Structure formats: C-alpha cells, structure tokens
file input_36.cif (mmCIF, C-alpha atoms)
data_target
#
loop_
_atom_site.label_atom_id
_atom_site.label_comp_id
_atom_site.auth_asym_id
_atom_site.auth_seq_id
_atom_site.Cartn_x
_atom_site.Cartn_y
_atom_site.Cartn_z
CA MET A 103 60.58 -47.21 127.34
CA GLY A 104 60.44 -45.52 123.97
CA ARG A 105 62.91 -45.67 121.19
CA CYS A 106 64.71 -42.48 120.13
CA ARG A 107 64.94 -41.74 116.46
CA GLY A 108 68.16 -43.29 115.04
CA GLY A 109 69.30 -44.61 118.39
CA SER A 110 69.03 -47.63 120.60
CA LEU A 111 67.15 -48.39 123.75
CA LEU A 112 70.25 -48.44 125.94
CA TYR A 113 72.19 -45.41 124.80
CA GLY A 114 69.60 -43.10 123.41
CA GLY A 115 69.91 -41.28 120.10
CA ASP A 116 73.62 -40.46 120.38
CA PHE A 117 74.79 -44.07 120.01
CA THR A 118 74.59 -44.05 116.21
CA ASN A 119 76.36 -40.71 115.98
CA ASN A 120 79.09 -41.91 118.35
CA MET A 121 79.55 -45.09 116.29
CA ARG A 122 79.75 -43.08 113.07
CA THR A 123 82.32 -40.73 114.63
CA GLY A 124 84.33 -43.70 115.91
CA VAL A 125 84.37 -45.29 112.46
CA TYR A 126 85.54 -42.01 110.91
CA VAL A 127 88.33 -41.68 113.47
CA LEU A 128 89.48 -45.27 112.90
CA PHE A 129 89.34 -44.77 109.14
CA GLY A 130 91.40 -41.58 109.47
CA ILE A 131 94.01 -43.35 111.58
CA LEU A 132 94.20 -46.17 109.05
CA VAL A 133 94.72 -43.71 106.19
CA VAL A 134 97.51 -41.93 108.10
CA LEU A 135 99.24 -45.26 108.85
CA ILE A 136 99.08 -46.26 105.18
CA ILE A 137 100.58 -42.92 104.14
CA VAL A 138 103.41 -43.27 106.68
CA VAL A 139 104.23 -46.83 105.57
CA VAL A 140 104.24 -45.83 101.88
CA ALA A 141 106.42 -42.78 102.62
CA LEU A 142 108.95 -44.87 104.54
CA LYS A 143 109.07 -47.45 101.75
CA LEU A 144 109.64 -44.76 99.13
CA LYS A 145 112.32 -43.14 101.27
CA LYS A 146 114.12 -46.46 101.58
CA GLU A 147 113.83 -47.20 97.84
CA TYR A 148 114.88 -43.80 96.54
CA PHE A 149 117.19 -42.47 99.21
CA GLY A 150 118.67 -45.67 100.59
CA ASN A 151 118.44 -47.09 104.03
CA PRO A 152 120.69 -45.06 106.34
CA ASN A 153 121.27 -48.21 108.37
CA THR A 154 122.55 -50.14 105.36
CA ASP A 155 126.33 -50.31 105.31
CA ASP A 156 127.73 -50.13 101.78
CA GLY A 157 131.18 -49.57 103.27
CA ALA A 158 131.34 -45.95 102.07
CA THR A 159 134.60 -44.55 103.41
CA ILE A 160 136.73 -41.53 102.58
CA THR A 161 140.38 -42.03 103.44
CA PHE A 162 142.70 -39.05 103.79
CA TYR A 163 146.30 -39.97 102.94
CA TYR A 164 148.73 -37.35 104.16
CA MET A 165 152.38 -36.79 104.97
CA GLU A 166 153.62 -35.06 108.11
CA GLY A 167 155.11 -31.66 107.31
CA CYS A 168 153.42 -31.41 103.91
CA GLY A 169 152.15 -27.88 103.27
CA TRP A 170 149.35 -29.04 100.97
CA CYS A 171 148.21 -31.53 103.62
CA LYS A 172 148.11 -28.79 106.25
CA LYS A 173 146.04 -26.66 103.88
CA ALA A 174 143.57 -29.54 103.29
CA LYS A 175 143.26 -30.43 106.99
CA PRO A 176 140.56 -27.86 108.03
CA GLU A 177 138.17 -29.02 105.29
CA TRP A 178 138.97 -32.62 106.14
CA GLU A 179 137.95 -31.93 109.75
CA LYS A 180 134.62 -30.50 108.51
CA CYS A 181 134.18 -33.57 106.31
CA LYS A 182 134.73 -35.85 109.33
CA GLU A 183 132.05 -33.96 111.26
CA MET A 184 129.49 -34.11 108.44
CA ALA A 185 130.15 -37.65 107.19
CA PRO A 186 128.31 -39.65 109.88
CA SER A 187 125.01 -37.94 109.02
CA LYS A 188 125.39 -39.37 105.49
CA ASN A 189 126.46 -42.82 106.74
CA ILE A 190 130.01 -42.29 105.49
CA LYS A 191 133.04 -43.39 107.46
CA THR A 192 136.30 -41.48 107.50
CA ASN A 193 139.86 -42.66 107.87
CA GLU A 194 143.28 -40.97 108.03
CA ILE A 195 146.53 -42.65 107.08
CA SER A 196 149.91 -40.97 107.20
CA ALA A 197 152.58 -41.81 104.64
CA ASP A 198 154.64 -43.77 107.18
CA GLN A 199 151.57 -45.87 108.20
CA MET A 200 150.70 -46.97 104.65
CA THR A 201 150.44 -50.71 104.06
CA PRO A 202 151.39 -52.43 100.79
CA ALA A 203 147.66 -52.50 99.93
CA ASP A 204 147.49 -48.72 100.41
CA LYS A 205 150.51 -48.23 98.16
CA GLN A 206 148.75 -50.12 95.34
CA LYS A 207 145.96 -47.53 95.21
CA GLY A 208 147.90 -45.21 92.93
CA ILE A 209 148.87 -42.61 95.50
CA ASN A 210 151.45 -40.43 93.79
CA GLY A 211 151.44 -37.45 96.14
CA PHE A 212 149.91 -35.98 99.23
CA PRO A 213 147.23 -35.23 100.20
CA THR A 214 145.22 -37.90 98.43
CA PHE A 215 141.61 -38.80 99.10
CA ILE A 216 140.35 -42.29 98.23
CA VAL A 217 136.65 -43.12 98.33
CA THR A 218 135.76 -46.76 98.94
CA ILE A 219 132.25 -48.07 98.32
CA ASN A 220 131.45 -51.78 98.41
CA SER A 221 135.20 -52.54 98.48
CA VAL A 222 135.84 -50.55 95.28
CA ASP A 223 138.37 -47.70 95.51
CA LYS A 224 138.16 -44.50 93.49
CA LYS A 225 140.52 -41.54 93.80
CA TYR A 226 138.80 -38.25 94.54
CA GLU A 227 140.15 -35.45 92.37
CA GLY A 228 137.54 -32.73 92.89
CA GLU A 229 137.43 -29.58 94.97
CA ARG A 230 139.10 -29.90 98.38
CA ASP A 231 136.09 -28.87 100.45
CA ALA A 232 133.95 -31.06 102.71
CA LYS A 233 130.67 -30.56 100.85
CA SER A 234 132.19 -31.50 97.48
CA MET A 235 133.83 -34.62 98.89
CA LEU A 236 130.59 -35.83 100.50
CA ASN A 237 128.59 -35.02 97.33
CA TYR A 238 131.10 -37.09 95.37
CA VAL A 239 130.39 -40.10 97.59
CA ASP A 240 126.65 -39.60 97.00
CA GLN A 241 127.33 -39.37 93.27
CA LEU A 242 129.22 -42.67 93.33
CA ARG A 243 126.42 -44.29 95.33
CA LEU A 244 123.94 -43.21 92.64
CA GLY A 245 126.04 -44.74 89.89
CA GLY A 246 128.30 -42.01 88.56
CA MET A 247 127.95 -39.21 86.05
CA GLU A 248 127.65 -41.30 82.86
CA ASN A 249 123.92 -40.61 82.48
CA PHE A 250 124.18 -36.82 82.72
CA LYS A 251 124.58 -34.84 79.51
CA ASP A 252 123.72 -31.45 81.00
CA ALA A 253 126.86 -29.65 82.17
CA GLY A 254 124.81 -27.56 84.61
CA ALA A 255 123.34 -30.67 86.23
CA GLU A 256 126.77 -32.27 86.37
CA LYS A 257 128.27 -29.21 88.08
CA PHE A 258 125.36 -29.08 90.54
CA ILE A 259 125.80 -32.75 91.50
CA LYS A 260 129.56 -32.37 91.90
CA THR A 261 129.50 -29.14 93.88
CA GLY A 262 125.97 -28.76 95.22
CA LYS A 263 125.95 -25.22 93.81
CA PRO A 264 123.57 -24.15 91.01
CA VAL A 265 125.06 -22.90 87.76
#

call {"tool": "encode", "arguments": {"input": "input_36.cif", "output": "structure tokens"}}
result
Amino acid sequence: MGRCRGGSLLYGGDFTNNMRTGVYVLFGILVVLIIVVVALKLKKEYFGNPNTDDGATITFYYMEGCGWCKKAKPEWEKCKEMAPSKNIKTNEISADQMTPADKQKGINGFPTFIVTINSVDKKYEGERDAKSMLNYVDQLRLGGMENFKDAGAEKFIKTGKPV
C-alpha cells in the first residue's frame, strides 16, 4: 500500500486537508464566541444590565376631575406602554390615595410626576410627553446633566430631538 503525498495510509491524501479545514472552522467558531462575549460585557458595562433593578419608577400623582391631569393622561398611557422596555416601573396615585410619605415629596399641584431611582426621589418638570419622561429617567441613571456644557447636547438628552 503506497502513501499519498501529504496524506496518511488510512485516509488517503484528503486527511490533512480535512484536518486543516477542521482547525480553521474551530478557530473561526472560537473567534466568534470571543467577540460575542466581549460585546455582551461591553453592553452590560456601558448600557447597564436590563435585568438589574435600580428601582427606577415614574409615579403619576393626579386628582380626579383635574383638567390638567386629563390632558396629561394620554401621554402617561404611552409612557406606561414604553417604560417596561427600558426597565422602568410606573405607578399612579390619586390625591385621595396619597400617604403621608407621598405628601412629603413636595407635591404642590396636579399632575405631578416623581422619578425614583435607588430610593431617591426627584420631581420631573420637563415636557409632558412619554419620550421626554423616559429620557429623563435615562439621564438620571447616567448621573445628571452636570457634565454637559453644550446646550445642544443638553437639549438632545432631555428631549431626544437634535437641535
């Protein structure tokens, strides 16, 4: 039995080529796995873990019969629909359901929106649309506006609309 050039006695000449192809395929799979792991790690570091609960909640304080509350309600409904995709909880409390703890949050009128992150409350005083409210929560999660000097960047972060 003769030996084929570059091969073995059992498998003929294609064994070496098959081994080389197999090594390339395994190497390619390894490279793809490394890229996926690095991408997931970067996503977690820079965009947060969507499964991590920082307690982000927007609470809508309203009063029955209030015209301003009725006007805010459609955007609040949109906000409630969009919030779970950003890992934000929503809550509604009417004026007659407010607890003493709610009354200490500085609610002077209705409607009032309070954002709570990591047990810290902050009154939302921006535009009364769902996108702006959710962007505000993201802004608070990133640490506020103190580091931004550019008014255009600040407006974009608050509203999501370019200048």

call {"tool": "closest_residue", "arguments": {"input": "input_36.cif", "among": "A:Ala203, A:Ile219, A:Ile131, A:Met165", "to": "Asn189 of chain A", "atoms": "only C-alpha atoms"}}
result
A:Ile219

call {"tool": "resolve_selection", "arguments": {"input": "input_36.cif", "expression": "the PyMOL selection byres ((chain A and resi 181) around 9)", "output": "list in words"}}
result
Pro176, Glu177, Trp178, Glu179, Lys180, Lys182, Glu183, Met184, Ala185, Thr192, Asp231, Ala232, Lys233, Met235 and Leu236 of chain A

call {"tool": "atom_distance", "arguments": {"input": "input_36.cif", "atom1": "atom CA of Ser221 of chain A", "atom2": "atom CA of Tyr164 of chain A"}}
result
21.1 Å

call {"tool": "atom_distance", "arguments": {"input": "input_36.cif", "atom1": "atom CA of Asp198 of chain A", "atom2": "atom CA of Tyr163 of chain A"}}
result
10.1 Å

call {"tool": "resolve_selection", "arguments": {"input": "input_36.cif", "expression": "the PyMOL selection byres ((chain A and resi 224) around 10)", "output": "MDAnalysis selection string"}}
result
chainID A and resid 160 207:208 215:219 221:223 225:227 239 242

call {"tool": "atom_distance", "arguments": {"input": "input_36.cif", "atom1": "atom CA of Lys172 of chain A", "atom2": "atom CA of Asn210 of chain A"}}
result
17.4 Å

call {"tool": "resolve_selection", "arguments": {"input": "input_36.cif", "expression": "the PyMOL selection byres ((chain A and resi 195) around 10)", "output": "list of chain:residue names"}}
result
A:Thr161, A:Phe162, A:Tyr163, A:Tyr164, A:Met165, A:Asn193, A:Glu194, A:Ser196, A:Ala197, A:Asp198, A:Gln199, A:Met200, A:Thr201, A:Asp204, A:Thr214

call {"tool": "closest_residue", "arguments": {"input": "input_36.cif", "among": "A:Val140, A:Ile209, A:Asn119, A:Ala158", "to": "Gln241 of chain A", "atoms": "only C-alpha atoms"}}
result
A:Ala158

call {"tool": "closest_residue", "arguments": {"input": "input_36.cif", "among": "A:Ala141, A:Gly157, A:Gly130, A:Lys173", "to": "Phe212 of chain A", "atoms": "all atoms listed in the file"}}
result
A:Lys173

call {"tool": "closest_residue", "arguments": {"input": "input_36.cif", "among": "A:Ile190, A:Val127, A:Ala174, A:Val134", "to": "Asp156 of chain A", "atoms": "all atoms listed in the file"}}
result
A:Ile190

call {"tool": "closest_residue", "arguments": {"input": "input_36.cif", "among": "A:Lys205, A:Cys168, A:Thr159, A:Leu135", "to": "Asp240 of chain A", "atoms": "all atoms listed in the file"}}
result
A:Thr159
